[in-house]
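All remarks here apply to the structure that follows.
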Amino acid sequence: MLDKILCVDDDPITLMLCRKVVEKVEFAKEILTAENGQEAIQYFDMLCEEIKTNDSISYPKLVLLDLNMPVMDGWEFLESFISKGYQNVFVSTRFIVLSSSIDPYDINRSKTYPVVGFLSKPVTKEMLENLKPQFS
């Protein structure tokens, strides 16, 4: 079981469903949510500041990321995460795109980022059970 995961999606129903499924499967002890990429980056910014004074900070090892969101979309979030060097700070964090898009361009583009999976919405119990071995 993971300590924390972060679900990033602008749809409150998707966030609620994500929370319920993660709890049901006992995939993570804590489920954090952000409504867009900017909120998610602000969360990692805050964690980065906390790490300066406490290097034992727990952070999400998995981010379930929507692509199409207002304010800052999933692609912009990934670009910002990389440009800030956060992949060197949060080295255990992995990303799975959870999107309604099945566009081959999006799937191939995701491979140019530290994305370990591309899944179609909605998140299901079966999806998370299949992911458990990768994150145990």
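Ordering of the structure tokens sets the chain letters (A, B, ...); residue numbers start at 1 within each chain; ligands are numbered from 1 in the order shown.
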
Write out as a PyMOL selection string which residues come within 6 Å of stretch 60-69 of chain A when counting only C-alpha atoms, dropping same-chain ones fewer than 2 positions away.
chain A and resi 4-10+36+73-74+92-99

Which of stretch 2-55 of chain A DSSP labels alpha helix (DSSP H), written as number ranges by chain
A: 12-25, 37-53

Writing out the chosen residues with N, CA, C and O atoms as a compact mmCIF listing (two decimals), in the first residue's frame:
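Wrote again_20.txt, looks like this:
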# COMPACT_ATOMS: atom_id res chain seq x y z
N PRO A 12 -15.18 17.11 -10.28
CA PRO A 12 -15.35 16.67 -8.89
C PRO A 12 -15.87 15.24 -8.76
O PRO A 12 -15.52 14.54 -7.82
N ILE A 13 -16.67 14.80 -9.73
CA ILE A 13 -17.18 13.42 -9.68
C ILE A 13 -16.03 12.43 -9.90
O ILE A 13 -15.94 11.41 -9.22
N THR A 14 -15.14 12.75 -10.83
CA THR A 14 -13.98 11.89 -11.07
C THR A 14 -13.09 11.83 -9.83
O THR A 14 -12.61 10.76 -9.46
N LEU A 15 -12.90 12.97 -9.16
CA LEU A 15 -12.09 12.99 -7.94
C LEU A 15 -12.74 12.17 -6.84
O LEU A 15 -12.06 11.41 -6.14
N MET A 16 -14.06 12.28 -6.69
CA MET A 16 -14.77 11.50 -5.68
C MET A 16 -14.67 10.01 -5.99
O MET A 16 -14.39 9.20 -5.11
N LEU A 17 -14.86 9.65 -7.26
CA LEU A 17 -14.77 8.25 -7.66
C LEU A 17 -13.36 7.71 -7.43
O LEU A 17 -13.19 6.60 -6.93
N CYS A 18 -12.37 8.51 -7.77
CA CYS A 18 -10.97 8.11 -7.54
C CYS A 18 -10.75 7.82 -6.07
O CYS A 18 -10.18 6.78 -5.70
N ARG A 19 -11.20 8.72 -5.23
CA ARG A 19 -11.04 8.55 -3.78
C ARG A 19 -11.72 7.26 -3.30
O ARG A 19 -11.13 6.47 -2.57
N LYS A 20 -12.95 7.04 -3.75
CA LYS A 20 -13.71 5.86 -3.31
C LYS A 20 -13.04 4.56 -3.77
O LYS A 20 -12.93 3.60 -2.99
N VAL A 21 -12.60 4.52 -5.01
CA VAL A 21 -11.98 3.30 -5.54
C VAL A 21 -10.64 3.03 -4.86
O VAL A 21 -10.35 1.89 -4.49
N VAL A 22 -9.84 4.06 -4.66
CA VAL A 22 -8.55 3.89 -3.98
C VAL A 22 -8.76 3.38 -2.56
O VAL A 22 -8.05 2.47 -2.11
N GLU A 23 -9.76 3.92 -1.87
CA GLU A 23 -10.06 3.45 -0.51
C GLU A 23 -10.54 2.01 -0.51
O GLU A 23 -10.11 1.20 0.30
N LYS A 24 -11.41 1.68 -1.45
CA LYS A 24 -11.98 0.32 -1.51
C LYS A 24 -10.90 -0.73 -1.77
O LYS A 24 -10.91 -1.80 -1.19
N VAL A 25 -9.97 -0.41 -2.66
CA VAL A 25 -8.91 -1.35 -3.02
C VAL A 25 -7.77 -1.31 -2.00
O VAL A 25 -6.89 -2.15 -2.05
N GLY A 37 -3.63 21.32 -12.85
CA GLY A 37 -2.19 21.18 -12.74
C GLY A 37 -1.55 22.24 -11.87
O GLY A 37 -0.55 21.97 -11.19
N GLN A 38 -2.11 23.45 -11.87
CA GLN A 38 -1.53 24.52 -11.05
C GLN A 38 -1.63 24.18 -9.56
O GLN A 38 -0.67 24.38 -8.81
N GLU A 39 -2.77 23.66 -9.13
CA GLU A 39 -2.91 23.26 -7.73
C GLU A 39 -1.91 22.15 -7.40
O GLU A 39 -1.34 22.14 -6.31
N ALA A 40 -1.72 21.23 -8.33
CA ALA A 40 -0.78 20.13 -8.09
C ALA A 40 0.65 20.65 -8.00
O ALA A 40 1.41 20.23 -7.11
N ILE A 41 1.03 21.57 -8.87
CA ILE A 41 2.38 22.15 -8.80
C ILE A 41 2.55 22.93 -7.51
O ILE A 41 3.60 22.85 -6.85
N GLN A 42 1.53 23.67 -7.09
CA GLN A 42 1.62 24.40 -5.83
C GLN A 42 1.82 23.44 -4.66
O GLN A 42 2.56 23.74 -3.72
N TYR A 43 1.18 22.29 -4.73
CA TYR A 43 1.35 21.28 -3.68
C TYR A 43 2.81 20.79 -3.66
O TYR A 43 3.44 20.72 -2.60
N PHE A 44 3.37 20.50 -4.84
CA PHE A 44 4.77 20.05 -4.88
C PHE A 44 5.72 21.18 -4.48
O PHE A 44 6.76 20.92 -3.87
N ASP A 45 5.38 22.43 -4.82
CA ASP A 45 6.18 23.58 -4.37
C ASP A 45 6.24 23.61 -2.84
O ASP A 45 7.30 23.79 -2.25
N MET A 46 5.07 23.43 -2.20
CA MET A 46 4.99 23.44 -0.75
C MET A 46 5.81 22.28 -0.16
O MET A 46 6.56 22.47 0.79
N LEU A 47 5.70 21.10 -0.76
CA LEU A 47 6.49 19.96 -0.30
C LEU A 47 7.98 20.23 -0.40
O LEU A 47 8.75 19.88 0.49
N CYS A 48 8.37 20.87 -1.50
CA CYS A 48 9.78 21.17 -1.71
C CYS A 48 10.30 22.09 -0.62
O CYS A 48 11.43 21.91 -0.13
N GLU A 49 9.50 23.05 -0.21
CA GLU A 49 9.89 23.94 0.89
C GLU A 49 9.98 23.17 2.20
O GLU A 49 10.91 23.38 2.98
N GLU A 50 9.04 22.26 2.44
CA GLU A 50 9.05 21.47 3.68
C GLU A 50 10.26 20.54 3.74
O GLU A 50 10.82 20.32 4.81
N ILE A 51 10.66 20.02 2.61
CA ILE A 51 11.81 19.10 2.56
C ILE A 51 13.09 19.81 3.00
O ILE A 51 13.99 19.19 3.57
N LYS A 52 13.16 21.11 2.79
CA LYS A 52 14.35 21.87 3.19
C LYS A 52 14.59 21.81 4.70
O LYS A 52 15.72 21.90 5.15
N THR A 53 13.50 21.68 5.46
CA THR A 53 13.64 21.63 6.92
C THR A 53 13.37 20.25 7.50
O THR A 53 13.67 20.00 8.66

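Scanning stretch 5-133 of chain A with DSSP on the backbone, the strand (DSSP E) assignments fall on A:Ile5, A:Leu6, A:Cys7, A:Val8, A:Ala28, A:Lys29, A:Glu30, A:Ile31, A:Leu32, A:Thr33, A:Ala34, A:Leu62, A:Val63, A:Leu64, A:Leu65, A:Arg94, A:Phe95, A:Ile96, A:Val97, A:Leu98, A:Ser99, A:Val115, A:Val116, A:Gly117, A:Phe118, A:Leu119, A:Ser120.
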
Show me, as a ChimeraX atom specification, the residues that have an atom within 8 Å of stretch 100-111 of chain A when counting only C-alpha atoms, minus same-chain residues fewer than 3 positions from it.
/A:97,114-116,118,120-122

Those same residues - all heavy atoms - I'd like them written as a PDB file, in the first residue's frame.
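Wrote again-v1.pdb, looks like this:
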ATOM      1  N   VAL A  97      -1.375   8.740 -16.612  1.00  0.00           N
ATOM      2  CA  VAL A  97      -2.389   9.582 -17.218  1.00  0.00           C
ATOM      3  C   VAL A  97      -3.703   8.828 -17.123  1.00  0.00           C
ATOM      4  O   VAL A  97      -3.802   7.659 -17.506  1.00  0.00           O
ATOM      5  CB  VAL A  97      -2.042   9.909 -18.687  1.00  0.00           C
ATOM      6  CG1 VAL A  97      -3.209  10.570 -19.381  1.00  0.00           C
ATOM      7  CG2 VAL A  97      -0.796  10.791 -18.751  1.00  0.00           C
ATOM      8  N   PRO A 114       7.864  11.339 -17.732  1.00  0.00           N
ATOM      9  CA  PRO A 114       8.017  10.224 -16.785  1.00  0.00           C
ATOM     10  C   PRO A 114       6.663   9.578 -16.450  1.00  0.00           C
ATOM     11  O   PRO A 114       6.274   9.447 -15.296  1.00  0.00           O
ATOM     12  CB  PRO A 114       8.663  10.880 -15.561  1.00  0.00           C
ATOM     13  CG  PRO A 114       8.196  12.299 -15.616  1.00  0.00           C
ATOM     14  CD  PRO A 114       8.100  12.634 -17.083  1.00  0.00           C
ATOM     15  N   VAL A 115       5.936   9.211 -17.493  1.00  0.00           N
ATOM     16  CA  VAL A 115       4.610   8.602 -17.360  1.00  0.00           C
ATOM     17  C   VAL A 115       4.760   7.098 -17.514  1.00  0.00           C
ATOM     18  O   VAL A 115       5.341   6.627 -18.497  1.00  0.00           O
ATOM     19  CB  VAL A 115       3.639   9.174 -18.420  1.00  0.00           C
ATOM     20  CG1 VAL A 115       2.316   8.424 -18.433  1.00  0.00           C
ATOM     21  CG2 VAL A 115       3.411  10.662 -18.185  1.00  0.00           C
ATOM     22  N   VAL A 116       4.257   6.351 -16.549  1.00  0.00           N
ATOM     23  CA  VAL A 116       4.401   4.890 -16.571  1.00  0.00           C
ATOM     24  C   VAL A 116       3.145   4.171 -17.051  1.00  0.00           C
ATOM     25  O   VAL A 116       3.155   2.954 -17.204  1.00  0.00           O
ATOM     26  CB  VAL A 116       4.821   4.328 -15.188  1.00  0.00           C
ATOM     27  CG1 VAL A 116       6.182   4.879 -14.793  1.00  0.00           C
ATOM     28  CG2 VAL A 116       3.778   4.610 -14.122  1.00  0.00           C
ATOM     29  N   PHE A 118      -0.993   4.854 -19.204  1.00  0.00           N
ATOM     30  CA  PHE A 118      -2.012   5.690 -19.817  1.00  0.00           C
ATOM     31  C   PHE A 118      -3.303   4.899 -19.751  1.00  0.00           C
ATOM     32  O   PHE A 118      -3.450   3.879 -20.431  1.00  0.00           O
ATOM     33  CB  PHE A 118      -1.641   5.996 -21.276  1.00  0.00           C
ATOM     34  CG  PHE A 118      -2.420   7.120 -21.882  1.00  0.00           C
ATOM     35  CD1 PHE A 118      -1.848   8.370 -22.040  1.00  0.00           C
ATOM     36  CD2 PHE A 118      -3.732   6.936 -22.318  1.00  0.00           C
ATOM     37  CE1 PHE A 118      -2.553   9.418 -22.604  1.00  0.00           C
ATOM     38  CE2 PHE A 118      -4.452   7.978 -22.886  1.00  0.00           C
ATOM     39  CZ  PHE A 118      -3.858   9.226 -23.037  1.00  0.00           C
ATOM     40  N   SER A 120      -7.714   4.800 -19.446  1.00  0.00           N
ATOM     41  CA  SER A 120      -8.955   5.503 -19.764  1.00  0.00           C
ATOM     42  C   SER A 120      -9.805   5.680 -18.515  1.00  0.00           C
ATOM     43  O   SER A 120      -9.851   4.793 -17.663  1.00  0.00           O
ATOM     44  CB  SER A 120      -9.756   4.720 -20.804  1.00  0.00           C
ATOM     45  OG  SER A 120      -9.064   4.661 -22.009  1.00  0.00           O
ATOM     46  N   LYS A 121     -10.458   6.841 -18.434  1.00  0.00           N
ATOM     47  CA  LYS A 121     -11.393   7.096 -17.345  1.00  0.00           C
ATOM     48  C   LYS A 121     -12.604   6.205 -17.516  1.00  0.00           C
ATOM     49  O   LYS A 121     -12.943   5.855 -18.634  1.00  0.00           O
ATOM     50  CB  LYS A 121     -11.859   8.554 -17.364  1.00  0.00           C
ATOM     51  CG  LYS A 121     -10.862   9.542 -16.888  1.00  0.00           C
ATOM     52  CD  LYS A 121     -11.529  10.913 -16.913  1.00  0.00           C
ATOM     53  CE  LYS A 121     -10.583  11.994 -16.546  1.00  0.00           C
ATOM     54  NZ  LYS A 121     -11.203  13.317 -16.580  1.00  0.00           N
ATOM     55  N   PRO A 122     -13.285   5.897 -16.476  1.00  0.00           N
ATOM     56  CA  PRO A 122     -13.010   6.213 -15.081  1.00  0.00           C
ATOM     57  C   PRO A 122     -12.067   5.194 -14.463  1.00  0.00           C
ATOM     58  O   PRO A 122     -11.912   4.075 -14.967  1.00  0.00           O
ATOM     59  CB  PRO A 122     -14.397   6.133 -14.426  1.00  0.00           C
ATOM     60  CG  PRO A 122     -15.081   5.050 -15.205  1.00  0.00           C
ATOM     61  CD  PRO A 122     -14.566   5.205 -16.621  1.00  0.00           C
TER      62      PRO A 122
END

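The residue that comes closest to A:Thr124, out of A:Leu2, A:Phe77, A:Phe27, A:Ser136 and on the basis of only C-alpha atoms, is A:Phe27.
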
Between atom CA of A:Ser83 and atom CA of A:Thr112, measure the distance and give it in Å to one decimal.
13.9 Å
